[in-house]
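**Student:** One structure is given below, represented as structure tokens, and several questions about it will come after.
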Amino acid sequence: MWQKFGTYVIRNRFGLLVVLAIVSIVFIFFATKVQMTYDFAKIIPETDPDFIEYTKFKEAYGEDGNILAVGVQSNKLFEKDFFNELVTLNKEVEQITGVEKVVSVANIYMPYRNDEKQQLELKPIVTGPIKSQAEMDSIKQVIFSLPLYNGLLYNDNKNVALIAITLNKKKLDSKERIPLVNEIERVCNLFGQKHGIQVHYSGLPYVRTIYASKVAAEIKIFTYLSIAVTALFIFLFFRFYSAVIFSLIVVIIGVFCTLGSIHLFGYKITILTGLIPPLMVIIGIQNCIYLLNVYHQEYRAHGNKMLAILRLISKNGLPLFLTNVTTAVGFCVFSFSGSAVLDQFSVISGLNIMFIYLVSLVFIPIVYSYLPPPKQSHTKHLDGIRLNKVMDWCNNLVYKHRRMIYFITLILCLLAIWGSTKVKTLGYVVDDLPQKDKVFTDLKFFEKELKGVLPFEISIDTKRPNGIKDISTLQKMNRLQKELAKFPEFSKPVSMVDFLKFANQGYHNGDPRFYIIPGALDIQELLGYLPKKSAVSAGLLKSMVDSNYQTARISIQMADVGSIEMKEVNKRVQTVVDEIFPSDKYTVKLTGTSLIFLKGNDYLVENLLQSMAAALIIISIMMAFLFFSWRMVLISLVPNIVPLLITLGIMGFFEIRLKPSTIIIFSVAYGIVVDFTIHYLAKYRNSLKKHNWDMKEAIPESLREAGPSIIYTAVALFAGFIIFAASDFGGTIALGILTSLSLLFGMLMNLLLLPSMLLTLEKSINNKKEFGTTLVELEPEPTDSDE
């Protein structure tokens, strides 16, 4: 089959180049249309009960995460000049395209009773420029007499004001989001510079925008870095420019195909899929290194360029296919998780790994079929004296110091097991950013002054129309809010109850003593005073209750407490809810963006073992096709699992948490490291056949033949992955460092532990039986047609 495929490629080389060029142009076109996502990664499946509840909540009340919070801290907050400037700032922000509403102490309303119209009306507290400090003091007293705003728009110390900016959802879901947020920052920063204060920003729209901006920037940086690093590595290895140029063409095609396929599948770029383009450069370049290395070996063996190119495909198409498949499996197993973000990552990466394999297998042979034969200087790298010394050192350790290899491996495994017990599954909404980043410090500012800005919602279903109007329901909601106000993680809860208290205060001429739920006899009269056609009141009611008054929400802003503490918070809240609301009359659900996002971390851990088990099973079956022996499959697993165990231990010792960006390390690293095992055992099997099944002859020869390619590949991949350590995201940094370490440990285990195990088990392994039969022949002998 591969012989025929190689012949077909050579005979149709020009046509295949044209097809490849057309396909590349098509993917480049689609790559220009790919978009960023501006939502947090959807880790939880859409079939999850909590996610379903959250979807219903959004359908009833709209988005809970479209408010950008701006914080201003100053002891001059209620001085005339500063306050007037704050009023002006509100108006300027409200004029920005994409801003729907701005609410702060500078433009709040107070209710008053209009007996002539027999309704409550809202009037602004500030109606124009404040002309004197006495007028300012009067306005300040009015503001402080309205308990609704305390803890929401200003803090208890009365020196921090919150500006709540509601953004247009269509703008938030498009690339216009970034310039919109940038413009808000520009206007607010000018205000801060004028008054010598720092303006703070937070809220989900802001956090998501900053994340998206950083992801977009890092895609470019890491793609360019990966191309530069791999180009340098290829040049140092081969020492001629054509190897660099044509290898880069392969990986650049891979990058555009990756971006284009993201668009074609209807996906958007997330923090995970944003890693795929540079990953494709890293993985694609090892195909090029392998093919160029084999081409030079073949040409040196017989000096026939076209025969070398034909054998490049016929003899190495299958081994390269299998190593790419195992790598792809390491990425694809996340499709079993049910998580949308991991599924997108696995589908795009898996398909493009195989596409790059096909491109490299076709493009490299065709290009070199048009070029002159390699010069003697081009094949010098095959005489690597230093690498031969390294292989001699490995052979010496395997034959003379096996016990030391076992002892060190055992110690490392024991330490790794100890370290793995320290690994935590803990996620935060603002997780991967460093603690010095402004997004993080601003979030902590809001948590300190206003107890947080992340939405936590409670949905109350009375199971009957108009149930929310029942005085007993209102009293229960009020009681729940008083209990929730005691939680240190929560800001002041807000619901329809506060709307009624606010209205009741206005009904009693603004007297703060009447900021209470009206009695059973008064509530109907108060409801009759509520304006029916007012846009303001209608909007408030719509955001708090459904149209038939059956369900209502209690909205809370909370601190970013992390997924572990969130569980405890939920339990405490649920306990209070169960005490107040009988389950036979009410259905009360906890929801909100914060809860859904943080729950995703638990979901990931539950699926880690499933994904890893799937990778182990699939790759083990593939190994069985290569070596028709389950004993050899089990032996081959050891040098691949040990590096993963060591990596997990390192995570525990260095307090690196399991989260989306670190959880993918294990399957990805396993899928790559197993390639080393395949290469070594394939060479080992051929050496056994060559030396009449003599293990002592086969092991050193297989190390000399397979070792250099394993080392070159490991070093190239290490250099490629380590660039992620330059990221602004902690999880991406961990991904780069830990994957690089996993590959180095995998290289050492396959060069030292695997041959040591084979040598130790010499008497218990029947080499001819274990290696004599195979379902797939990796390196067939050359046929007469080759000649």
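Residue numbers start at 1 in each chain; chains themselves are named A, B, ... in the order of the structure tokens; ligands are numbered from 1 in the order shown.
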Do a neighbour search on Phe265 in chain A at 10 Å with only C-alpha atoms, toss out local chain neighbours closer than 2 positions, and write the hits as a ChimeraX atom specification.
**Tutor:** /A:260-263,267-268,344,347-348
**Student:** Next, the residues of the selection above should be written as a CSV table (one decimal), in the first residue's frame with C-alpha atoms.
**Tutor:**
```csv
chain,number,residue,atom,x,y,z
A,260,GLY,CA,-9.5,28.0,9.3
A,261,SER,CA,-10.9,24.7,10.7
A,262,ILE,CA,-11.8,26.5,13.9
A,263,HIS,CA,-14.0,28.8,11.8
A,267,TYR,CA,-16.0,27.4,17.0
A,268,LYS,CA,-14.3,30.5,18.4
A,344,GLN,CA,-13.4,21.7,20.6
A,347,VAL,CA,-11.4,17.9,17.7
A,348,ILE,CA,-9.4,20.7,16.2
```
**Student:** From range 570-668 of chain A, collect each residue whose DSSP state is alpha helix (DSSP H) and return the set as a VMD selection string.
**Tutor:** chain A and resid 570 to 580 593 to 626 630 to 653 660 to 663 665 to 668
**Student:** Tell me which of A:Leu20, A:Ser335, A:His679, A:Thr273 sits closest to Asn607 in chain A, counting only C-alpha atoms.
**Tutor:**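 Going through A:Leu20, A:Ser335, A:His679, A:Thr273 one by one, the smallest distance to Asn607 in chain A is for A:Ser335.
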**Student:** What's around range 700-714 of chain A at 6 Å? Count only C-alpha atoms, leave out sequence neighbours fewer than 4 positions away in its own chain, and write the answer as an mmCIF file with N, CA, C and O atoms, in the first residue's frame.
**Tutor:**
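Dumped everything to part.cif:
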```cif
data_model
loop_
_atom_site.group_PDB
_atom_site.id
_atom_site.type_symbol
_atom_site.label_atom_id
_atom_site.label_comp_id
_atom_site.auth_asym_id
_atom_site.auth_seq_id
_atom_site.Cartn_x
_atom_site.Cartn_y
_atom_site.Cartn_z
ATOM 1 N N MET A 391 24.960 7.882 23.537
ATOM 2 C CA MET A 391 24.417 6.525 23.402
ATOM 3 C C MET A 391 25.306 5.494 24.086
ATOM 4 O O MET A 391 24.828 4.545 24.707
ATOM 5 N N ASN A 395 24.207 2.995 27.073
ATOM 6 C CA ASN A 395 24.475 1.554 27.055
ATOM 7 C C ASN A 395 25.242 1.114 28.293
ATOM 8 O O ASN A 395 24.974 0.057 28.870
ATOM 9 N N PHE A 676 8.217 7.777 21.487
ATOM 10 C CA PHE A 676 9.588 7.341 21.758
ATOM 11 C C PHE A 676 9.642 5.825 21.915
ATOM 12 O O PHE A 676 10.555 5.169 21.420
ATOM 13 N N TYR A 680 11.710 3.154 19.603
ATOM 14 C CA TYR A 680 12.736 2.277 20.168
ATOM 15 C C TYR A 680 12.400 0.805 19.954
ATOM 16 O O TYR A 680 13.255 0.011 19.513
ATOM 17 N N LYS A 683 12.928 -0.371 16.363
ATOM 18 C CA LYS A 683 14.342 -0.620 16.068
ATOM 19 C C LYS A 683 14.837 -1.863 16.799
ATOM 20 O O LYS A 683 15.633 -2.659 16.264
ATOM 21 N N TYR A 684 14.367 -2.047 18.032
ATOM 22 C CA TYR A 684 14.781 -3.207 18.839
ATOM 23 C C TYR A 684 14.335 -4.504 18.160
ATOM 24 O O TYR A 684 15.102 -5.481 18.072
ATOM 25 N N PHE A 718 10.831 19.949 23.556
ATOM 26 C CA PHE A 718 11.091 20.694 24.794
ATOM 27 C C PHE A 718 11.222 22.182 24.481
ATOM 28 O O PHE A 718 10.606 23.032 25.136
#
```
**Student:** So which residues touch Val423 in chain A within 12 Å, counting only C-alpha atoms, skipping near sequence neighbours fewer than 6 positions away, as a list in words?
**Tutor:**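 That gives Ala416, Ile417, Val605, Leu645, Thr647, Leu648, Gly649, Ile650, Met651, Gly652, Phe653, Phe654, Glu655, Ile656, Arg657, Leu658, Lys659, Thr662 and Ile663 of chain A.
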**Student:** Could you save the residues just selected, with C-alpha atoms, as a PDB file, in the first residue's frame?
**Tutor:**
```
ATOM      1  CA  ALA A 416       5.862  11.608  42.999  1.00  0.00           C
ATOM      2  CA  ILE A 417       3.152   9.626  44.789  1.00  0.00           C
ATOM      3  CA  VAL A 605     -11.331  16.275  37.681  1.00  0.00           C
ATOM      4  CA  LEU A 645       3.405  10.324  37.701  1.00  0.00           C
ATOM      5  CA  THR A 647       4.781  15.396  36.582  1.00  0.00           C
ATOM      6  CA  LEU A 648       1.799  15.012  38.904  1.00  0.00           C
ATOM      7  CA  GLY A 649       4.172  14.922  41.881  1.00  0.00           C
ATOM      8  CA  ILE A 650       5.894  18.111  40.723  1.00  0.00           C
ATOM      9  CA  MET A 651       2.475  19.780  40.533  1.00  0.00           C
ATOM     10  CA  GLY A 652       1.821  18.812  44.140  1.00  0.00           C
ATOM     11  CA  PHE A 653       5.170  20.012  45.482  1.00  0.00           C
ATOM     12  CA  PHE A 654       4.992  23.319  43.626  1.00  0.00           C
ATOM     13  CA  GLU A 655       1.290  23.874  44.435  1.00  0.00           C
ATOM     14  CA  ILE A 656       0.217  23.862  40.790  1.00  0.00           C
ATOM     15  CA  ARG A 657      -3.526  23.243  40.755  1.00  0.00           C
ATOM     16  CA  LEU A 658      -5.537  21.064  38.398  1.00  0.00           C
ATOM     17  CA  LYS A 659      -7.506  23.277  36.006  1.00  0.00           C
ATOM     18  CA  THR A 662      -2.978  21.957  33.319  1.00  0.00           C
ATOM     19  CA  ILE A 663      -5.301  18.981  33.086  1.00  0.00           C
TER      20      ILE A 663
END
```
**Student:** So, counting only C-alpha atoms, which residue among A:Ala340, A:Val668, A:Ile22, A:Ile635 is closest to Ile44 in chain A?
**Tutor:**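 Closest residue, counting only C-alpha atoms: A:Ala340.
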**Student:** Please, which residues of range 353-462 of chain A, numbered as in this document, come out strand (DSSP E) from DSSP, as a list in words?
**Tutor:**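 These are the residues in question: Leu454, Pro455, Phe456, Glu457, Ile458, Ser459, Ile460 and Asp461 of chain A.
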**Student:** I'd like to know which of A:Asn90, A:Thr7, A:Gln286, A:Thr551 is closest to Asn107 in chain A, using only C-alpha atoms.
**Tutor:**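 Between A:Asn90, A:Thr7, A:Gln286, A:Thr551, the residue approaching Asn107 in chain A most closely is A:Asn90.
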**Student:** Contacts of range 111-121 of chain A at 9 Å or less, counting only C-alpha atoms, minus same-chain residues fewer than 6 places along, as an mmCIF file with all heavy atoms, in the first residue's frame?
**Tutor:**
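That gives us out38.cif:
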```
data_model
loop_
_atom_site.group_PDB
_atom_site.id
_atom_site.type_symbol
_atom_site.label_atom_id
_atom_site.label_comp_id
_atom_site.auth_asym_id
_atom_site.auth_seq_id
_atom_site.Cartn_x
_atom_site.Cartn_y
_atom_site.Cartn_z
ATOM 1 N N PHE A 502 -38.265 50.200 48.974
ATOM 2 C CA PHE A 502 -37.937 51.497 48.386
ATOM 3 C C PHE A 502 -39.212 52.262 48.043
ATOM 4 O O PHE A 502 -39.337 53.463 48.304
ATOM 5 C CB PHE A 502 -37.092 51.242 47.136
ATOM 6 C CG PHE A 502 -36.469 52.462 46.529
ATOM 7 C CD1 PHE A 502 -35.637 53.290 47.265
ATOM 8 C CD2 PHE A 502 -36.694 52.781 45.188
ATOM 9 C CE1 PHE A 502 -35.042 54.406 46.687
ATOM 10 C CE2 PHE A 502 -36.106 53.892 44.605
ATOM 11 C CZ PHE A 502 -35.282 54.703 45.354
ATOM 12 N N ALA A 503 -40.174 51.525 47.458
ATOM 13 C CA ALA A 503 -41.456 52.151 47.116
ATOM 14 C C ALA A 503 -42.207 52.576 48.376
ATOM 15 O O ALA A 503 -42.830 53.651 48.415
ATOM 16 C CB ALA A 503 -42.305 51.175 46.302
ATOM 17 N N ASN A 504 -42.146 51.734 49.416
ATOM 18 C CA ASN A 504 -42.839 52.049 50.664
ATOM 19 C C ASN A 504 -42.244 53.296 51.317
ATOM 20 O O ASN A 504 -42.974 54.133 51.879
ATOM 21 C CB ASN A 504 -42.745 50.859 51.613
ATOM 22 C CG ASN A 504 -43.717 50.982 52.793
ATOM 23 O OD1 ASN A 504 -44.881 51.341 52.598
ATOM 24 N ND2 ASN A 504 -43.239 50.684 53.979
ATOM 25 N N GLN A 505 -40.919 53.430 51.206
ATOM 26 C CA GLN A 505 -40.281 54.632 51.741
ATOM 27 C C GLN A 505 -40.766 55.871 50.993
ATOM 28 O O GLN A 505 -41.075 56.900 51.596
ATOM 29 C CB GLN A 505 -38.749 54.497 51.641
ATOM 30 C CG GLN A 505 -38.009 55.711 52.219
ATOM 31 C CD GLN A 505 -36.496 55.556 52.095
ATOM 32 O OE1 GLN A 505 -35.994 54.533 51.639
ATOM 33 N NE2 GLN A 505 -35.757 56.577 52.508
ATOM 34 N N GLY A 506 -40.852 55.754 49.660
ATOM 35 C CA GLY A 506 -41.354 56.881 48.877
ATOM 36 C C GLY A 506 -42.811 57.174 49.175
ATOM 37 O O GLY A 506 -43.221 58.340 49.202
ATOM 38 N N TYR A 507 -43.585 56.129 49.401
ATOM 39 C CA TYR A 507 -45.012 56.296 49.716
ATOM 40 C C TYR A 507 -45.193 57.079 51.012
ATOM 41 O O TYR A 507 -46.183 57.810 51.183
ATOM 42 C CB TYR A 507 -45.652 54.911 49.829
ATOM 43 C CG TYR A 507 -47.149 54.930 50.041
ATOM 44 C CD1 TYR A 507 -48.017 55.168 48.977
ATOM 45 C CD2 TYR A 507 -47.694 54.695 51.308
ATOM 46 C CE1 TYR A 507 -49.384 55.183 49.165
ATOM 47 C CE2 TYR A 507 -49.061 54.702 51.505
ATOM 48 C CZ TYR A 507 -49.912 54.948 50.428
ATOM 49 O OH TYR A 507 -51.272 54.958 50.628
ATOM 50 N N HIS A 508 -44.200 56.931 51.916
ATOM 51 C CA HIS A 508 -44.243 57.649 53.202
ATOM 52 C C HIS A 508 -43.294 58.836 53.188
ATOM 53 O O HIS A 508 -42.597 59.124 54.170
ATOM 54 C CB HIS A 508 -43.917 56.705 54.356
ATOM 55 C CG HIS A 508 -44.985 55.691 54.617
ATOM 56 N ND1 HIS A 508 -45.050 54.479 53.968
ATOM 57 C CD2 HIS A 508 -46.073 55.715 55.453
ATOM 58 C CE1 HIS A 508 -46.092 53.788 54.387
ATOM 59 N NE2 HIS A 508 -46.745 54.520 55.295
ATOM 60 N N ASN A 509 -43.237 59.513 52.020
ATOM 61 C CA ASN A 509 -42.521 60.779 51.868
ATOM 62 C C ASN A 509 -41.026 60.678 52.171
ATOM 63 O O ASN A 509 -40.421 61.613 52.707
ATOM 64 C CB ASN A 509 -43.167 61.859 52.748
ATOM 65 C CG ASN A 509 -44.621 62.086 52.378
ATOM 66 O OD1 ASN A 509 -44.956 62.208 51.187
ATOM 67 N ND2 ASN A 509 -45.506 62.099 53.377
ATOM 68 N N GLY A 510 -40.432 59.523 51.839
ATOM 69 C CA GLY A 510 -38.986 59.368 51.957
ATOM 70 C C GLY A 510 -38.481 59.097 53.353
ATOM 71 O O GLY A 510 -37.263 59.137 53.584
ATOM 72 N N LEU A 526 -50.178 49.972 48.176
ATOM 73 C CA LEU A 526 -48.879 50.369 47.639
ATOM 74 C C LEU A 526 -48.718 49.887 46.198
ATOM 75 O O LEU A 526 -48.257 50.635 45.334
ATOM 76 C CB LEU A 526 -47.753 49.799 48.510
ATOM 77 C CG LEU A 526 -46.327 50.079 48.030
ATOM 78 C CD1 LEU A 526 -46.041 51.571 48.017
ATOM 79 C CD2 LEU A 526 -45.313 49.355 48.910
ATOM 80 N N GLY A 528 -50.992 49.449 44.124
ATOM 81 C CA GLY A 528 -51.845 50.283 43.279
ATOM 82 C C GLY A 528 -51.187 51.602 42.914
ATOM 83 O O GLY A 528 -51.557 52.221 41.914
ATOM 84 N N TYR A 529 -50.217 52.036 43.739
ATOM 85 C CA TYR A 529 -49.510 53.284 43.475
ATOM 86 C C TYR A 529 -48.318 53.103 42.526
ATOM 87 O O TYR A 529 -47.746 54.080 42.064
ATOM 88 C CB TYR A 529 -49.022 53.900 44.793
ATOM 89 C CG TYR A 529 -49.915 55.016 45.299
ATOM 90 C CD1 TYR A 529 -51.154 54.731 45.873
ATOM 91 C CD2 TYR A 529 -49.531 56.357 45.191
ATOM 92 C CE1 TYR A 529 -51.985 55.734 46.337
ATOM 93 C CE2 TYR A 529 -50.357 57.373 45.649
ATOM 94 C CZ TYR A 529 -51.583 57.063 46.215
ATOM 95 O OH TYR A 529 -52.409 58.077 46.672
ATOM 96 N N LEU A 530 -47.932 51.865 42.309
ATOM 97 C CA LEU A 530 -46.785 51.633 41.429
ATOM 98 C C LEU A 530 -47.165 52.006 40.006
ATOM 99 O O LEU A 530 -48.221 51.605 39.514
ATOM 100 C CB LEU A 530 -46.344 50.163 41.486
ATOM 101 C CG LEU A 530 -45.778 49.673 42.821
ATOM 102 C CD1 LEU A 530 -45.372 48.219 42.719
ATOM 103 C CD2 LEU A 530 -44.579 50.522 43.237
ATOM 104 N N PRO A 531 -46.305 52.755 39.316
ATOM 105 C CA PRO A 531 -46.635 53.165 37.943
ATOM 106 C C PRO A 531 -46.654 51.969 37.000
ATOM 107 O O PRO A 531 -45.777 51.115 37.035
ATOM 108 C CB PRO A 531 -45.498 54.142 37.583
ATOM 109 C CG PRO A 531 -44.388 53.790 38.517
ATOM 110 C CD PRO A 531 -45.021 53.304 39.778
ATOM 111 N N SER A 534 -44.365 53.156 33.485
ATOM 112 C CA SER A 534 -43.046 53.760 33.614
ATOM 113 C C SER A 534 -41.980 52.784 33.106
ATOM 114 O O SER A 534 -41.944 51.628 33.519
ATOM 115 C CB SER A 534 -42.759 54.111 35.077
ATOM 116 O OG SER A 534 -41.395 54.431 35.252
#
```
